[in-house]
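K.L.:
Encoded as structure tokens, here's the structure I'll be asking about.
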Amino acid sequence: MPMMTATMIAPALRPSVPSRFRRGRARPTVEALLEEISGLTAERQRLREDDADGARLERNRVKLVRAQWELSHALIERYLPSLA
């Protein structure tokens, strides 16, 4: 068995990032993302009140998670720009 080097194992250590969680070129502001999250949260509450089906709730959940993920990265870029 050949000896493993750092270059052989480094790619395996990087987790695969699903495409829906890759950042796009457009970078919304923290404020825009907070508005989007507020709207998605209100939409989710309406969906629940209207007994929406699981598929609609799931689409909303995925949009909400994506917006929260973008918000976390926008905050990192704003307050820790040297690490972003």
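By order in the structure tokens, chains are A, B, ...; within a chain, residues start at 1; ligands start at 1, following the order shown.
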Excluding Arg44 in chain A and residues on its chain fewer than 6 positions from it, collect all residues at most 9 Å away from it, counting only C-alpha atoms, and give them as an NGL selection string.
P.N.:
:A and (57 or 60-61)
K.L.:
Which residues, written as a list in words, have at least one atom at most 6 Å from range 67-76 of chain A, with only C-alpha atoms counted and residues fewer than 4 positions away on the same chain left out?
P.N.:
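Non-adjacent residues within range: Val30, Leu33 and Leu80 of chain A.
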K.L.:
How far is it from CA of Arg78 in chain A to CA of Glu31 in chain A, in Å with one decimal?
P.N.:
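Distance reported for this atom pair: 11.6 Å.
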